$ cat coords.txt   # compact mmCIF, C-alpha atoms
# COMPACT_ATOMS: atom_id res chain seq x y z
CA MET A 26 -103.90 115.00 36.21
CA ARG A 27 -100.50 115.99 37.37
CA SER A 28 -100.60 114.76 40.91
CA HIS A 29 -97.74 113.51 43.03
CA PRO A 30 -99.33 112.24 46.24
CA SER A 31 -97.45 112.50 49.49
CA SER A 32 -96.53 109.44 51.53
CA LEU A 33 -99.37 110.26 53.92
CA SER A 34 -101.91 110.27 51.12
CA ARG A 35 -100.57 107.06 49.64
CA ARG A 36 -100.96 105.21 52.91
CA SER A 37 -104.21 106.78 54.05
CA LEU A 38 -106.07 107.78 50.95
CA LEU A 39 -104.79 106.10 47.81
CA GLY A 40 -105.90 102.81 49.28
CA LEU A 41 -108.73 104.47 51.18
CA GLY A 42 -108.30 101.92 53.95
CA ALA A 43 -111.11 101.52 56.45
CA ALA A 44 -109.03 102.91 59.29
CA ALA A 45 -108.50 106.18 57.48
CA VAL A 46 -112.10 107.00 56.70
CA ALA A 47 -114.24 104.81 58.92
CA GLY A 48 -115.10 107.66 61.26
CA ALA A 49 -116.11 109.89 58.38
CA ALA A 50 -118.14 107.16 56.71
CA LEU A 51 -120.08 105.82 59.69
CA THR A 52 -122.85 108.38 59.40
CA ALA A 53 -122.84 108.35 55.62
CA CYS A 54 -122.58 104.72 54.59
CA GLY A 55 -123.16 104.36 50.86
CA GLY A 56 -122.91 108.08 50.23
CA ALA A 57 -126.62 108.82 50.42
CA ALA A 58 -127.60 112.46 50.35
CA PRO A 59 -127.56 113.93 53.87
CA GLY A 60 -130.64 115.31 55.55
CA LYS A 61 -131.88 118.72 54.45
CA SER A 62 -130.90 121.71 56.51
CA GLY A 63 -133.35 124.52 57.08
CA GLY A 64 -133.04 128.12 55.96
CA GLY A 65 -130.88 129.66 53.29
CA SER A 66 -127.88 130.67 55.41
CA ALA A 67 -124.70 128.65 55.47
CA SER A 68 -120.95 128.91 55.78
CA LEU A 69 -119.37 126.48 53.32
CA ARG A 70 -115.79 125.27 53.06
CA LEU A 71 -114.46 124.69 49.54
CA LEU A 72 -111.25 122.86 48.62
CA THR A 73 -109.98 123.60 45.11
CA PRO A 74 -106.80 122.74 43.17
CA ILE A 75 -107.69 124.61 39.97
CA PHE A 76 -107.77 128.24 41.10
CA ASP A 77 -104.50 128.12 43.04
CA ARG A 78 -102.58 130.65 40.91
CA ALA A 79 -102.90 134.37 41.54
CA ASP A 80 -105.07 134.92 38.48
CA GLY A 81 -107.20 131.93 39.44
CA GLN A 82 -107.78 133.20 42.96
CA LYS A 83 -108.80 136.57 41.60
CA LEU A 84 -111.21 134.90 39.16
CA LEU A 85 -112.77 132.64 41.80
CA THR A 86 -113.26 135.59 44.16
CA SER A 87 -115.20 137.35 41.41
CA LEU A 88 -117.23 134.26 40.55
CA LEU A 89 -118.14 133.59 44.18
CA ALA A 90 -119.33 137.19 44.48
CA ASP A 91 -121.80 136.36 41.69
CA PHE A 92 -122.80 133.18 43.51
CA LYS A 93 -123.49 135.19 46.65
CA LYS A 94 -125.82 137.55 44.79
CA ASP A 95 -128.13 134.62 44.13
CA ASN A 96 -127.43 133.04 47.53
CA PRO A 97 -127.06 136.04 49.89
CA GLY A 98 -127.05 133.98 53.05
CA VAL A 99 -124.21 131.71 51.92
CA SER A 100 -120.54 132.46 52.54
CA VAL A 101 -117.74 130.37 51.05
CA GLN A 102 -114.39 129.87 52.73
CA VAL A 103 -111.89 128.76 50.09
CA ASP A 104 -108.88 126.57 50.74
CA TYR A 105 -106.59 126.79 47.72
CA THR A 106 -104.20 123.93 47.08
CA GLU A 107 -102.50 122.20 44.17
CA TYR A 108 -103.01 118.66 42.92
CA GLY A 109 -99.74 117.55 44.49
CA LYS A 110 -101.14 118.37 47.94
CA LEU A 111 -104.81 117.62 47.35
CA ASN A 112 -104.73 114.04 48.68
CA GLU A 113 -103.13 115.14 51.92
CA LYS A 114 -105.63 117.96 52.40
CA LEU A 115 -108.53 115.60 51.85
CA THR A 116 -107.07 112.95 54.13
CA THR A 117 -106.49 115.39 56.97
CA SER A 118 -110.01 116.80 56.75
CA ILE A 119 -111.67 113.37 56.59
CA VAL A 120 -109.65 111.75 59.35
CA GLY A 121 -110.09 114.87 61.49
CA GLY A 122 -113.86 114.63 61.16
CA GLN A 123 -114.11 118.02 59.44
CA PRO A 124 -114.48 117.31 55.71
CA TYR A 125 -114.93 120.17 53.31
CA ASP A 126 -118.52 120.82 52.23
CA VAL A 127 -117.51 120.97 48.56
CA MET A 128 -114.38 119.30 47.19
CA LEU A 129 -112.93 119.43 43.70
CA MET A 130 -111.38 116.10 42.66
CA GLY A 131 -109.86 114.46 39.64
CA VAL A 132 -111.03 111.83 37.19
CA GLY A 133 -110.63 108.38 38.74
CA TRP A 134 -111.12 109.65 42.28
CA ILE A 135 -114.89 109.27 42.58
CA PRO A 136 -115.23 105.48 43.07
CA PRO A 137 -112.70 105.38 45.95
CA PHE A 138 -114.41 108.20 47.85
CA ALA A 139 -117.96 107.20 47.00
CA GLU A 140 -117.36 103.58 48.02
CA LYS A 141 -116.37 104.70 51.52
CA GLY A 142 -119.36 107.02 51.90
CA VAL A 143 -117.36 110.24 51.82
CA LEU A 144 -119.37 111.75 48.97
CA ALA A 145 -123.06 112.62 48.76
CA ASP A 146 -125.30 111.40 45.98
CA LEU A 147 -126.12 114.56 43.99
CA GLU A 148 -129.57 113.12 43.23
CA THR A 149 -129.48 113.76 39.51
CA THR A 150 -129.28 111.45 36.52
CA GLU A 151 -126.92 111.04 33.59
CA ASP A 152 -129.81 111.90 31.27
CA GLU A 153 -130.31 115.21 33.07
CA LEU A 154 -126.61 115.97 32.86
CA ALA A 155 -126.60 115.20 29.13
CA ARG A 156 -128.33 118.55 28.60
CA LEU A 157 -125.14 120.29 29.74
CA TYR A 158 -122.30 117.87 28.99
CA ASN A 159 -121.10 115.23 26.57
CA PRO A 160 -121.92 111.84 28.17
CA ARG A 161 -118.24 110.88 28.05
CA VAL A 162 -117.51 113.82 30.33
CA THR A 163 -120.04 112.86 33.01
CA GLN A 164 -119.12 109.16 33.25
CA PRO A 165 -116.17 109.71 35.65
CA GLY A 166 -118.60 111.26 38.17
CA VAL A 167 -120.87 108.22 38.22
CA TYR A 168 -120.39 105.23 40.51
CA ASP A 169 -122.73 102.31 41.08
CA GLY A 170 -125.45 104.06 39.10
CA LYS A 171 -125.40 107.28 41.14
CA VAL A 172 -124.00 110.68 40.22
CA TYR A 173 -121.48 111.86 42.82
CA ALA A 174 -119.70 114.55 40.84
CA ARG A 175 -120.23 117.08 38.07
CA PRO A 176 -117.42 118.08 35.67
CA ILE A 177 -115.91 121.55 35.58
CA LEU A 178 -113.04 121.26 33.13
CA LEU A 179 -111.15 118.59 31.21
CA ASP A 180 -107.54 117.98 30.33
CA THR A 181 -106.66 115.65 27.49
CA ARG A 182 -103.71 113.82 25.97
CA MET A 183 -103.46 113.57 22.20
CA GLY A 184 -101.05 113.46 19.32
CA ILE A 185 -99.47 116.85 18.56
CA TYR A 186 -97.29 117.57 15.54
CA ARG A 187 -95.20 120.24 13.87
CA LYS A 188 -96.80 120.97 10.52
CA ASP A 189 -93.69 122.76 9.29
CA ILE A 190 -91.42 119.77 9.94
CA PHE A 191 -93.92 117.51 8.16
CA ALA A 192 -94.08 119.91 5.21
CA GLU A 193 -90.28 120.02 4.88
CA ALA A 194 -90.36 116.23 4.47
CA GLY A 195 -93.21 116.39 1.97
CA ILE A 196 -95.75 114.92 4.39
CA ASP A 197 -99.06 116.74 4.12
CA ALA A 198 -101.19 115.06 6.82
CA PRO A 199 -100.81 113.64 10.34
CA PRO A 200 -100.62 109.85 10.75
CA LYS A 201 -103.90 108.00 10.32
CA ASP A 202 -102.95 105.30 12.83
CA LEU A 203 -100.15 104.27 15.17
CA THR A 204 -98.50 102.07 12.57
CA GLU A 205 -98.17 105.02 10.22
CA LEU A 206 -97.13 107.25 13.11
CA LYS A 207 -94.13 105.04 13.74
CA GLU A 208 -93.16 104.98 10.06
CA ILE A 209 -93.36 108.76 9.80
CA ALA A 210 -91.45 109.11 13.05
CA LYS A 211 -88.62 106.96 11.68
CA GLU A 212 -88.40 109.20 8.64
CA LEU A 213 -88.34 112.38 10.71
CA THR A 214 -85.81 111.19 13.30
CA VAL A 215 -82.42 112.91 12.94
CA ARG A 216 -79.12 111.72 14.37
CA LYS A 217 -75.73 113.33 13.90
CA ASN A 218 -72.73 111.09 14.52
CA GLY A 219 -75.08 108.74 16.36
CA LYS A 220 -76.42 111.46 18.65
CA LEU A 221 -80.14 112.11 18.56
CA THR A 222 -80.87 115.71 17.59
CA ARG A 223 -84.53 115.35 16.63
CA ALA A 224 -86.90 112.64 17.83
CA GLY A 225 -89.51 111.53 15.33
CA VAL A 226 -91.99 111.35 18.18
CA ASP A 227 -91.63 112.26 21.84
CA ILE A 228 -93.36 109.83 24.23
CA LEU A 229 -91.41 110.77 27.35
CA SER A 230 -92.28 114.41 28.08
CA ASN A 231 -95.74 113.52 29.30
CA ASP A 232 -96.53 111.39 32.36
CA LEU A 233 -95.80 107.81 31.29
CA ARG A 234 -99.14 106.41 32.45
CA GLN A 235 -101.03 109.16 30.67
CA THR A 236 -99.02 108.50 27.50
CA TYR A 237 -99.50 104.75 27.63
CA LEU A 238 -103.24 104.75 28.36
CA PRO A 239 -104.44 106.43 25.14
CA VAL A 240 -102.06 104.19 23.18
CA MET A 241 -103.55 101.23 25.04
CA TRP A 242 -107.13 102.34 24.37
CA ALA A 243 -106.27 102.92 20.70
CA HIS A 244 -105.09 99.31 20.50
CA GLY A 245 -108.50 98.20 21.74
CA ALA A 246 -107.49 97.34 25.32
CA ASP A 247 -109.22 98.35 28.54
CA LEU A 248 -108.19 98.66 32.18
CA PHE A 249 -110.93 96.54 33.75
CA ASP A 250 -113.66 94.15 32.70
CA GLY A 251 -116.44 93.89 35.25
CA GLY A 252 -114.07 95.19 37.93
CA LYS A 253 -111.38 92.63 37.08
CA PRO A 254 -108.02 93.94 35.83
CA VAL A 255 -107.28 93.11 32.18
CA LEU A 256 -104.06 95.06 32.16
CA ASP A 257 -102.07 92.25 30.53
CA SER A 258 -104.38 91.52 27.60
CA ASP A 259 -102.82 90.87 24.20
CA GLU A 260 -103.95 94.32 23.06
CA ALA A 261 -102.38 95.98 26.10
CA VAL A 262 -99.10 94.15 25.49
CA ASP A 263 -99.14 95.27 21.86
CA ALA A 264 -99.58 98.87 23.01
CA LEU A 265 -96.62 98.75 25.35
CA GLN A 266 -94.56 96.95 22.71
CA TRP A 267 -95.29 99.88 20.37
CA MET A 268 -93.78 102.27 22.93
CA VAL A 269 -90.83 100.00 23.67
CA ASP A 270 -90.00 99.71 19.97
CA ILE A 271 -89.86 103.50 19.66
CA ILE A 272 -87.17 103.63 22.34
CA ARG A 273 -85.29 100.36 22.06
CA THR A 274 -85.70 98.98 18.53
CA ASP A 275 -86.40 101.83 16.13
CA LYS A 276 -84.33 104.37 18.10
CA ILE A 277 -86.84 107.12 17.39
CA GLU A 278 -86.30 108.62 20.84
CA ASP A 279 -83.65 107.98 23.48
CA TYR A 280 -84.54 107.49 27.10
CA GLY A 281 -83.26 110.65 28.77
CA PHE A 282 -83.54 112.78 25.61
CA THR A 283 -86.46 114.46 27.29
CA GLN A 284 -88.34 113.93 30.51
CA LYS A 285 -91.65 115.01 32.00
CA GLY A 286 -91.40 118.39 33.67
CA ALA A 287 -88.93 120.06 31.31
CA VAL A 288 -89.50 123.80 31.04
CA VAL A 289 -89.90 123.68 27.25
CA ALA A 290 -90.85 120.51 25.40
CA PRO A 291 -88.68 119.29 22.49
CA LEU A 292 -91.65 119.79 20.13
CA VAL A 293 -91.54 123.53 20.81
CA GLN A 294 -87.79 123.64 20.21
CA GLY A 295 -88.02 121.66 17.00
CA ARG A 296 -86.22 118.75 18.69
CA SER A 297 -89.18 116.46 18.03
CA ALA A 298 -91.59 116.30 15.12
CA MET A 299 -94.49 114.84 17.12
CA MET A 300 -95.40 114.09 20.70
CA ILE A 301 -98.11 112.52 22.79
CA GLY A 302 -98.92 115.43 25.02
CA HIS A 303 -101.26 117.53 27.09
CA ASN A 304 -103.57 120.10 25.50
CA ASP A 305 -101.83 122.64 27.78
CA MET A 306 -98.95 122.48 25.28
CA TRP A 307 -100.76 125.31 23.48
CA ARG A 308 -100.18 127.55 26.49
CA GLN A 309 -96.51 126.61 26.65
CA ILE A 310 -96.09 127.37 22.96
CA SER A 311 -97.94 130.68 23.22
CA GLU A 312 -95.58 131.75 26.00
CA SER A 313 -92.26 130.44 24.67
CA ALA A 314 -92.65 130.32 20.88
CA PRO A 315 -95.79 132.27 19.87
CA GLU A 316 -94.61 132.42 16.27
CA LEU A 317 -95.45 128.72 15.92
CA ILE A 318 -99.08 129.56 16.62
CA ALA A 319 -99.08 132.72 14.52
CA GLU A 320 -97.68 130.75 11.56
CA ASP A 321 -100.07 127.80 12.05
CA LYS A 322 -97.34 125.24 12.68
CA ILE A 323 -99.01 123.28 15.51
CA ALA A 324 -101.94 120.88 15.30
CA GLY A 325 -103.41 117.90 17.13
CA PHE A 326 -104.22 114.45 15.80
CA MET A 327 -106.02 111.39 17.08
CA LEU A 328 -104.22 108.29 18.31
CA ASN A 329 -105.82 105.47 16.37
CA GLN A 330 -105.22 101.78 15.76
CA GLN A 331 -108.15 99.48 16.49
CA ARG A 332 -110.16 102.56 17.46
CA PRO A 333 -109.56 106.30 17.92
CA ALA A 334 -108.67 107.29 21.48
CA LEU A 335 -108.26 110.50 23.43
CA PHE A 336 -107.17 110.48 27.10
CA GLN A 337 -109.57 112.51 29.23
CA GLY A 338 -108.66 113.72 32.68
CA GLY A 339 -110.24 116.63 34.45
CA THR A 340 -111.62 118.22 37.57
CA LEU A 341 -115.02 117.48 39.07
CA ALA A 342 -117.08 119.10 41.83
CA THR A 343 -118.31 116.89 44.67
CA MET A 344 -120.23 117.37 47.89
CA SER A 345 -119.47 115.86 51.28
CA ALA A 346 -121.92 113.32 52.63
CA LYS A 347 -121.41 114.95 56.03
CA THR A 348 -122.07 118.56 55.12
CA SER A 349 -124.46 120.36 57.48
CA HIS A 350 -125.75 122.43 54.56
CA PRO A 351 -126.60 120.03 51.72
CA GLU A 352 -128.95 122.36 49.85
CA GLN A 353 -126.43 125.18 49.74
CA ALA A 354 -123.49 122.86 49.05
CA LYS A 355 -125.34 121.32 46.12
CA LYS A 356 -126.05 124.79 44.73
CA LEU A 357 -122.33 125.57 44.92
CA VAL A 358 -121.48 122.31 43.11
CA GLU A 359 -123.97 123.17 40.37
CA PHE A 360 -122.62 126.72 40.12
CA LEU A 361 -118.99 125.65 39.85
CA SER A 362 -119.83 123.09 37.16
CA GLY A 363 -122.26 125.34 35.31
CA GLU A 364 -122.19 127.38 32.14
CA LYS A 365 -120.81 130.52 33.80
CA VAL A 366 -117.87 129.05 35.71
CA SER A 367 -116.77 126.09 33.59
CA PRO A 368 -115.56 128.12 30.56
CA GLN A 369 -113.73 130.68 32.69
CA ALA A 370 -112.16 128.04 34.93
CA ALA A 371 -110.94 126.17 31.87
CA GLU A 372 -109.50 129.24 30.17
CA GLN A 373 -107.43 130.29 33.17
CA ARG A 374 -105.94 126.78 33.24
CA GLY A 375 -105.55 126.39 29.46
CA ASN A 376 -107.95 123.44 29.56
CA ILE A 377 -111.23 122.33 28.04
CA PRO A 378 -114.60 123.57 29.36
CA ALA A 379 -116.85 120.70 30.38
CA VAL A 380 -120.10 122.34 29.26
CA LEU A 381 -121.34 121.83 25.71
CA SER A 382 -122.31 125.47 25.33
CA ALA A 383 -118.65 126.58 25.41
CA ALA A 384 -117.77 124.73 22.20
CA ASP A 385 -118.37 127.85 20.10
CA SER A 386 -116.64 130.28 22.47
CA SER A 387 -113.81 132.48 21.21
CA TYR A 388 -111.42 130.79 23.67
CA VAL A 389 -112.12 127.30 22.35
CA LYS A 390 -111.96 128.41 18.72
CA SER A 391 -108.66 130.25 19.23
CA ASN A 392 -106.92 127.30 20.93
CA LYS A 393 -106.51 124.57 18.32
CA LEU A 394 -105.59 121.83 20.78
CA VAL A 395 -108.59 122.63 22.97
CA SER A 396 -110.90 122.81 19.96
CA PHE A 397 -109.48 119.50 18.67
CA ALA A 398 -110.31 117.88 22.01
CA VAL A 399 -113.82 119.37 22.06
CA ASP A 400 -114.46 118.06 18.54
CA ASN A 401 -113.32 114.55 19.50
CA LEU A 402 -114.82 113.98 22.94
CA ASP A 403 -116.90 111.11 21.57
CA HIS A 404 -113.60 109.20 21.44
CA ALA A 405 -112.48 110.15 24.96
CA PHE A 406 -111.59 107.51 27.53
CA SER A 407 -111.09 108.04 31.27
CA GLU A 408 -108.96 106.15 33.73
CA GLY A 409 -110.28 104.69 36.98
CA GLY A 410 -113.47 102.74 37.49
CA VAL A 411 -112.74 100.74 40.63
CA PRO A 412 -112.57 101.86 44.29
CA THR A 413 -108.87 100.99 44.53
CA TRP A 414 -107.81 102.89 41.41
CA LEU A 415 -105.81 105.57 43.21
CA GLU A 416 -103.60 102.88 44.67
CA ILE A 417 -103.38 100.84 41.46
CA ARG A 418 -102.32 103.80 39.34
CA GLU A 419 -99.17 104.22 41.45
CA GLU A 420 -97.94 100.87 40.09
CA PHE A 421 -98.04 101.93 36.44
CA LYS A 422 -94.87 103.99 36.21
CA PRO A 423 -92.45 101.34 37.55
CA ALA A 424 -94.07 98.69 35.34
CA LEU A 425 -93.87 100.83 32.22
CA GLU A 426 -90.31 101.94 32.98
CA SER A 427 -89.18 98.35 33.45
CA ALA A 428 -90.25 97.60 29.87
CA LEU A 429 -88.89 100.82 28.37
CA LEU A 430 -85.53 100.25 30.06
CA GLY A 431 -85.37 96.63 28.87
CA LYS A 432 -85.56 95.13 32.34
CA ALA A 433 -88.71 93.20 31.44
CA THR A 434 -90.64 92.38 28.30
CA PRO A 435 -93.94 94.23 27.83
CA ALA A 436 -95.79 90.99 28.61
CA GLU A 437 -93.80 90.46 31.81
CA ALA A 438 -94.20 94.07 32.91
CA LEU A 439 -97.96 94.11 32.38
CA HIS A 440 -98.47 90.65 33.88
CA GLY A 441 -96.75 91.90 37.02
CA LEU A 442 -98.88 95.05 36.98
CA ALA A 443 -102.07 93.01 36.62
CA GLY A 444 -101.04 90.81 39.52
CA LYS A 445 -100.43 93.83 41.75
CA ALA A 446 -103.78 95.30 40.73
CA GLU A 447 -105.56 92.06 41.62
CA ALA A 448 -103.84 92.00 45.00
CA ILE A 449 -104.78 95.62 45.71
CA ILE A 450 -108.41 94.97 44.77
CA ALA A 451 -108.52 91.82 46.92
CA LYS A 452 -107.05 93.68 49.88
CA GLY A 453 -109.57 96.46 49.53
CA ALA A 454 -112.57 94.14 49.24
$ encode --input "coords.txt" --output "structure tokens"
Amino acid sequence: MRSHPSSLSRRSLLGLGAAAVAGAALTACGGAAPGKSGGGSASLRLLTPIFDRADGQKLLTSLLADFKKDNPGVSVQVDYTEYGKLNEKLTTSIVGGQPYDVMLMGVGWIPPFAEKGVLADLETTEDELARLYNPRVTQPGVYDGKVYARPILLDTRMGIYRKDIFAEAGIDAPPKDLTELKEIAKELTVRKNGKLTRAGVDILSNDLRQTYLPVMWAHGADLFDGGKPVLDSDEAVDALQWMVDIIRTDKIEDYGFTQKGAVVAPLVQGRSAMMIGHNDMWRQISESAPELIAEDKIAGFMLNQQRPALFQGGTLATMSAKTSHPEQAKKLVEFLSGEKVSPQAAEQRGNIPAVLSAADSSYVKSNKLVSFAVDNLDHAFSEGGVPTWLEIREEFKPALESALLGKATPAEALHGLAGKAEAIIAKGA
């Protein structure tokens, strides 16, 4: 997810301190499903970060009209936001004692909110959800054995390469593992008079944490083991060393050559042969260099070393533990995460539908990065897993940057990160 929490959200919500949500959680300790309300009429408040664009708002209005046909007594008041402001919106509503009935959240957010009793148990099982979704997709919505969220759409991070640049060098296939990736990247790196003009692989255009994590998972490392941080394991250090070598030793990419947030990525311009990037790169290419798609010059590949790994983020639908209309709110959650909405929500964002039935849709088949992700969801990994994750994740970027800039070794950087994570978990206990 591309979120940049405000200072308010970092203090009040990333740590989910007791003072911030105690009032909201008192009547919903543990997140049990609230009592049933009578009748079929209800006025629900929905907070969403994925329909915030003009086309998205138009789509959601149409979809909610369909929802109302089946639920004529239910009206839905929509509060559109963006991920950068989502934390603050949620914080304000919770602290003010007026939480939204239905809230769309990101992967990694469920344990923090569920732990404090903000979310209602949706009273379903993972086995039941397996009829609609790949099990990897539903795991981020589960905490302590209960399902608190259902997935709507996914966003992934993967290897992406320029087939034409590979072909010019006589390379006819993407790298089979990260060792080979680095060797190919060295070959495809171009410097003129010492100045980098083409990076063999771009690891800086994407969010650093979201670049590092699939590399880490591919090396066989994990974030936590039984709730304990294992962020400085030997495998994790090897993963960060791989990234550091690209920048500092092998000179495949220069720090500052590209940065997250650039209007057009170097891959699109031909200034990099590969990248670790977001599946939304297909949308960027279709808008800025559609000929690359028309001429079949773009494809995805799996990051692999000890195991194949695909980063999976996404958006999930949740229900407030304090809603006065649990039956109707649950119906809205199921509708938003169902087979009608999920594919359309994903398409308007350039992302991956969560539902299995969309795998054969024309949208998925026409978008090769989306279809690559759909075909490889069995190898998807998600961040999070502990109630303090939203606070811990803020510590990744400075730790990773310290290693990439040569201010600390990978082992030192990750040992410091693990220590901060342990302190955050201890404080939140």
$ residues_around --input "coords.txt" --residues "stretch 154-157 of chain A" --least-positions-apart "3" --cutoff "12 Å" --atoms "all atoms listed in the file" --output "PDB file with C-alpha atoms, in the coordinates of the input"
ATOM      1  CA  LEU A 147    -126.120 114.560  43.990  1.00  0.00           C
ATOM      2  CA  GLU A 148    -129.570 113.120  43.230  1.00  0.00           C
ATOM      3  CA  THR A 149    -129.480 113.760  39.510  1.00  0.00           C
ATOM      4  CA  THR A 150    -129.280 111.450  36.520  1.00  0.00           C
ATOM      5  CA  GLU A 151    -126.920 111.040  33.590  1.00  0.00           C
ATOM      6  CA  PRO A 160    -121.920 111.840  28.170  1.00  0.00           C
ATOM      7  CA  ARG A 161    -118.240 110.880  28.050  1.00  0.00           C
ATOM      8  CA  VAL A 162    -117.510 113.820  30.330  1.00  0.00           C
ATOM      9  CA  THR A 163    -120.040 112.860  33.010  1.00  0.00           C
ATOM     10  CA  GLN A 164    -119.120 109.160  33.250  1.00  0.00           C
ATOM     11  CA  GLY A 166    -118.600 111.260  38.170  1.00  0.00           C
ATOM     12  CA  VAL A 167    -120.870 108.220  38.220  1.00  0.00           C
ATOM     13  CA  VAL A 172    -124.000 110.680  40.220  1.00  0.00           C
ATOM     14  CA  TYR A 173    -121.480 111.860  42.820  1.00  0.00           C
ATOM     15  CA  ALA A 174    -119.700 114.550  40.840  1.00  0.00           C
ATOM     16  CA  ARG A 175    -120.230 117.080  38.070  1.00  0.00           C
ATOM     17  CA  PRO A 176    -117.420 118.080  35.670  1.00  0.00           C
ATOM     18  CA  ILE A 177    -115.910 121.550  35.580  1.00  0.00           C
ATOM     19  CA  GLU A 359    -123.970 123.170  40.370  1.00  0.00           C
ATOM     20  CA  SER A 362    -119.830 123.090  37.160  1.00  0.00           C
ATOM     21  CA  GLY A 363    -122.260 125.340  35.310  1.00  0.00           C
ATOM     22  CA  GLU A 364    -122.190 127.380  32.140  1.00  0.00           C
ATOM     23  CA  LYS A 365    -120.810 130.520  33.800  1.00  0.00           C
ATOM     24  CA  SER A 367    -116.770 126.090  33.590  1.00  0.00           C
ATOM     25  CA  PRO A 378    -114.600 123.570  29.360  1.00  0.00           C
ATOM     26  CA  ALA A 379    -116.850 120.700  30.380  1.00  0.00           C
ATOM     27  CA  VAL A 380    -120.100 122.340  29.260  1.00  0.00           C
ATOM     28  CA  LEU A 381    -121.340 121.830  25.710  1.00  0.00           C
ATOM     29  CA  SER A 382    -122.310 125.470  25.330  1.00  0.00           C
ATOM     30  CA  ALA A 383    -118.650 126.580  25.410  1.00  0.00           C
ATOM     31  CA  ALA A 384    -117.770 124.730  22.200  1.00  0.00           C
TER      32      ALA A 384
END
$ residues_near_point --input "coords.txt" --point "(-103.4, 123.8, 40.7)" --cutoff "10 Å" --atoms "all atoms listed in the file" --output "list in words"
Met26, Arg27, Ser28, Thr73, Pro74, Ile75, Phe76, Asp77, Arg78, Gly81, Tyr105, Thr106, Glu107, Tyr108, Gly109, Lys110, Leu111 and Arg374 of chain A
$ closest_atom_pairs --input "coords.txt" --of "stretch 269-379 of chain A" --to "stretch 217-230 of chain A" --cutoff "6 Å" --atoms "all atoms listed in the file" --output "tab-separated table"
residue	atom	partner	partner_atom	distance
A:Ile277	CA	A:Ala224	CA	5.5
A:Glu278	CA	A:Ala224	CA	5.1
A:Thr283	CA	A:Ser230	CA	5.9
A:Gln284	CA	A:Ser230	CA	4.7
A:Lys285	CA	A:Ser230	CA	4.0
A:Arg296	CA	A:Arg223	CA	4.3
A:Ser297	CA	A:Ala224	CA	4.5
A:Ala298	CA	A:Gly225	CA	5.2
A:Met299	CA	A:Val226	CA	4.4
A:Met300	CA	A:Asp227	CA	4.3
A:Ile301	CA	A:Ile228	CA	5.6
$ write_last_selection --input "coords.txt" --atoms "C-alpha atoms" --output "short mmCIF file (atom, residue, chain, number, x, y, z; two decimals), in the frame of the given file"
data_model
loop_
_atom_site.label_atom_id
_atom_site.label_comp_id
_atom_site.auth_asym_id
_atom_site.auth_seq_id
_atom_site.Cartn_x
_atom_site.Cartn_y
_atom_site.Cartn_z
CA ILE A 277 -86.84 107.12 17.39
CA GLU A 278 -86.30 108.62 20.84
CA THR A 283 -86.46 114.46 27.29
CA GLN A 284 -88.34 113.93 30.51
CA LYS A 285 -91.65 115.01 32.00
CA ARG A 296 -86.22 118.75 18.69
CA SER A 297 -89.18 116.46 18.03
CA ALA A 298 -91.59 116.30 15.12
CA MET A 299 -94.49 114.84 17.12
CA MET A 300 -95.40 114.09 20.70
CA ILE A 301 -98.11 112.52 22.79
#
$ closest_residue --input "coords.txt" --among "A:Ile449, A:Ile185, A:Thr274, A:Val101" --to "A:Glu419" --atoms "all atoms listed in the file"
A:Ile449
$ residues_around --input "coords.txt" --residues "A:Gly339" --least-positions-apart "2" --cutoff "6 Å" --atoms "all atoms listed in the file" --output "PDB file with C-alpha atoms, in the coordinates of the input"
ATOM      1  CA  GLY A 131    -109.860 114.460  39.640  1.00  0.00           C
ATOM      2  CA  VAL A 132    -111.030 111.830  37.190  1.00  0.00           C
ATOM      3  CA  LEU A 178    -113.040 121.260  33.130  1.00  0.00           C
ATOM      4  CA  LEU A 179    -111.150 118.590  31.210  1.00  0.00           C
ATOM      5  CA  ASP A 180    -107.540 117.980  30.330  1.00  0.00           C
TER       6      ASP A 180
END
$ closest_residue --input "coords.txt" --among "A:Val411, A:Ile271, A:Ile209, A:Val358" --to "A:Glu447" --atoms "only C-alpha atoms"
A:Val411
$ closest_residue --input "coords.txt" --among "A:Thr340, A:Thr434, A:Gln331, A:Asn231" --to "A:Gly184" --atoms "all atoms listed in the file"
A:Asn231
$ closest_residue --input "coords.txt" --among "A:Ser427, A:Ser345, A:Ser407, A:Ser68" --to "A:Pro124" --atoms "only C-alpha atoms"
A:Ser345
$ axis_aligned_box --input "coords.txt" --around "stretch 97-109 of chain A" --padding-each-side "6 Å" --output "JSON"
{"center_x": -113.4, "center_y": 126.8, "center_z": 48.0, "size_x": 39.3, "size_y": 30.5, "size_z": 22.1}
$ closest_residue --input "coords.txt" --among "A:Tyr125, A:Phe92, A:Trp242, A:Trp134" --to "A:Glu416" --atoms "all atoms listed in the file"
A:Trp134
$ atom_distance --input "coords.txt" --atom1 "atom CA of A:Glu140" --atom2 "atom CA of A:Leu71"
21.4 Å
$ closest_residue --input "coords.txt" --among "A:Thr343, A:Asn96, A:Leu85, A:Ile272" --to "A:Leu129" --atoms "all atoms listed in the file"
A:Thr343
$ residues_around --input "coords.txt" --residues "A:Val255" --least-positions-apart "5" --cutoff "10 Å" --atoms "only C-alpha atoms" --output "PyMOL selection string"
chain A and resi 246-250+260-261+439-440+442-444+446-447
$ atom_distance --input "coords.txt" --atom1 "atom CA of A:Gln266" --atom2 "atom CA of A:Pro435"
5.8 Å
$ residues_around --input "coords.txt" --residues "A:Ile417" --least-positions-apart "3" --cutoff "9 Å" --atoms "only C-alpha atoms" --output "list in words"
Leu39, Gly40, Thr413, Trp414, Glu420, Phe421, Leu442, Lys445, Ala446, Ile449 and Ile450 of chain A
